[in-house]
Amino acid sequence: MYTKEEITTAIKQHFANARDRGQVLARALKVRADIASIRRRLQTTYAELGQHADTQLAANAKWNSGGDEVIQSFQLRVAGIKAELSQRERELRRVLAGEREENATSEVHEKPGVSAEDPAATTAGGSRKTGTTPS
C-alpha cells in the first residue's frame, strides 16, 4: 500500500512532466509557425520573381539573368530566406530531440526507496510498480 507522501510525490512528478512537455510543445509549435511563415515568404518571393521574368519576356526584352540587378536581388533574398528556413528546421529538430531525451529519462518512475533491481518492486504479472495506476 502506498503512503500519502508517495502518492503526493507521484502526482507532483506527473504534473511537472506534463508542464515540461507542454513547454516543449509550445516551443515546437512556435518554431513550426515561424517555418510556415518563412515558407510563405519564400513562395511570395518566387511569385514576384516569376512576375518580373514574365514582364521581361512579354516586353520582348533580351533577358540576361546574370546582369539584371532585380534578378540578383531576388537571388540574394531567396538565399537568405532559405538559410533562415534551414536554421529554423534545425532548431525544430533540436527542440524535438530534447523532448525525446526528456521523455526517455522520465519514463522510469520508481517507487521511492526501491531500487530498479529489487524483485519485490514488480507485481505478480512482472510489470513494474510505479506508484500509478495502469492506463
# chains A, B, ... in the order shown; residues from 1 in each chain; ligands from 1
>>> residues_around(residues="region 90-92 of chain A", least_positions_apart="2", cutoff="10 Å", atoms="only C-alpha atoms", output="PyMOL selection string")
chain A and resi 27-32+35+84-88+94-98
>>> write_last_selection(atoms="N, CA and C atoms", output="PDB file, in the first residue's frame")
ATOM      1  N   ARG A  27       7.194  25.483 -27.543  1.00  0.00           N
ATOM      2  CA  ARG A  27       8.364  25.929 -28.322  1.00  0.00           C
ATOM      3  C   ARG A  27       8.333  25.341 -29.726  1.00  0.00           C
ATOM      4  N   ALA A  28       7.989  24.056 -29.820  1.00  0.00           N
ATOM      5  CA  ALA A  28       7.943  23.410 -31.136  1.00  0.00           C
ATOM      6  C   ALA A  28       6.878  24.050 -32.014  1.00  0.00           C
ATOM      7  N   LEU A  29       5.726  24.364 -31.447  1.00  0.00           N
ATOM      8  CA  LEU A  29       4.668  24.999 -32.241  1.00  0.00           C
ATOM      9  C   LEU A  29       5.089  26.390 -32.709  1.00  0.00           C
ATOM     10  N   LYS A  30       5.793  27.138 -31.851  1.00  0.00           N
ATOM     11  CA  LYS A  30       6.262  28.459 -32.253  1.00  0.00           C
ATOM     12  C   LYS A  30       7.242  28.347 -33.415  1.00  0.00           C
ATOM     13  N   VAL A  31       8.163  27.403 -33.321  1.00  0.00           N
ATOM     14  CA  VAL A  31       9.152  27.225 -34.392  1.00  0.00           C
ATOM     15  C   VAL A  31       8.453  26.777 -35.676  1.00  0.00           C
ATOM     16  N   ARG A  32       7.479  25.883 -35.556  1.00  0.00           N
ATOM     17  CA  ARG A  32       6.738  25.440 -36.742  1.00  0.00           C
ATOM     18  C   ARG A  32       5.973  26.589 -37.379  1.00  0.00           C
ATOM     19  N   ILE A  35       8.459  28.560 -39.275  1.00  0.00           N
ATOM     20  CA  ILE A  35       8.814  27.864 -40.514  1.00  0.00           C
ATOM     21  C   ILE A  35       7.746  28.074 -41.571  1.00  0.00           C
ATOM     22  N   GLU A  84      17.498  31.064 -43.514  1.00  0.00           N
ATOM     23  CA  GLU A  84      16.663  31.222 -42.328  1.00  0.00           C
ATOM     24  C   GLU A  84      15.770  30.001 -42.113  1.00  0.00           C
ATOM     25  N   LEU A  85      15.239  29.476 -43.203  1.00  0.00           N
ATOM     26  CA  LEU A  85      14.383  28.296 -43.135  1.00  0.00           C
ATOM     27  C   LEU A  85      15.156  27.084 -42.616  1.00  0.00           C
ATOM     28  N   SER A  86      16.353  26.872 -43.130  1.00  0.00           N
ATOM     29  CA  SER A  86      17.139  25.717 -42.675  1.00  0.00           C
ATOM     30  C   SER A  86      17.538  25.872 -41.210  1.00  0.00           C
ATOM     31  N   GLN A  87      17.784  27.115 -40.768  1.00  0.00           N
ATOM     32  CA  GLN A  87      18.116  27.354 -39.365  1.00  0.00           C
ATOM     33  C   GLN A  87      16.928  26.989 -38.477  1.00  0.00           C
ATOM     34  N   ARG A  88      15.732  27.411 -38.869  1.00  0.00           N
ATOM     35  CA  ARG A  88      14.532  27.113 -38.078  1.00  0.00           C
ATOM     36  C   ARG A  88      14.237  25.613 -38.067  1.00  0.00           C
ATOM     37  N   ARG A  94      16.146  20.165 -33.007  1.00  0.00           N
ATOM     38  CA  ARG A  94      16.805  20.219 -31.703  1.00  0.00           C
ATOM     39  C   ARG A  94      15.765  20.212 -30.578  1.00  0.00           C
ATOM     40  N   VAL A  95      14.697  20.984 -30.736  1.00  0.00           N
ATOM     41  CA  VAL A  95      13.644  21.037 -29.721  1.00  0.00           C
ATOM     42  C   VAL A  95      12.982  19.672 -29.578  1.00  0.00           C
ATOM     43  N   LEU A  96      12.664  19.051 -30.707  1.00  0.00           N
ATOM     44  CA  LEU A  96      12.014  17.748 -30.653  1.00  0.00           C
ATOM     45  C   LEU A  96      12.955  16.670 -30.133  1.00  0.00           C
ATOM     46  N   ALA A  97      14.240  16.765 -30.436  1.00  0.00           N
ATOM     47  CA  ALA A  97      15.199  15.797 -29.908  1.00  0.00           C
ATOM     48  C   ALA A  97      15.326  15.968 -28.399  1.00  0.00           C
ATOM     49  N   GLY A  98      15.273  17.179 -27.925  1.00  0.00           N
ATOM     50  CA  GLY A  98      15.304  17.429 -26.487  1.00  0.00           C
ATOM     51  C   GLY A  98      14.089  16.839 -25.811  1.00  0.00           C
TER      52      GLY A  98
END
>>> atom_distance(atom1="CA of Ile71 (chain A)", atom2="CA of Ala83 (chain A)")
18.2 Å
>>> atom_distance(atom1="CA of Ala79 (chain A)", atom2="CA of Ala59 (chain A)")
27.5 Å
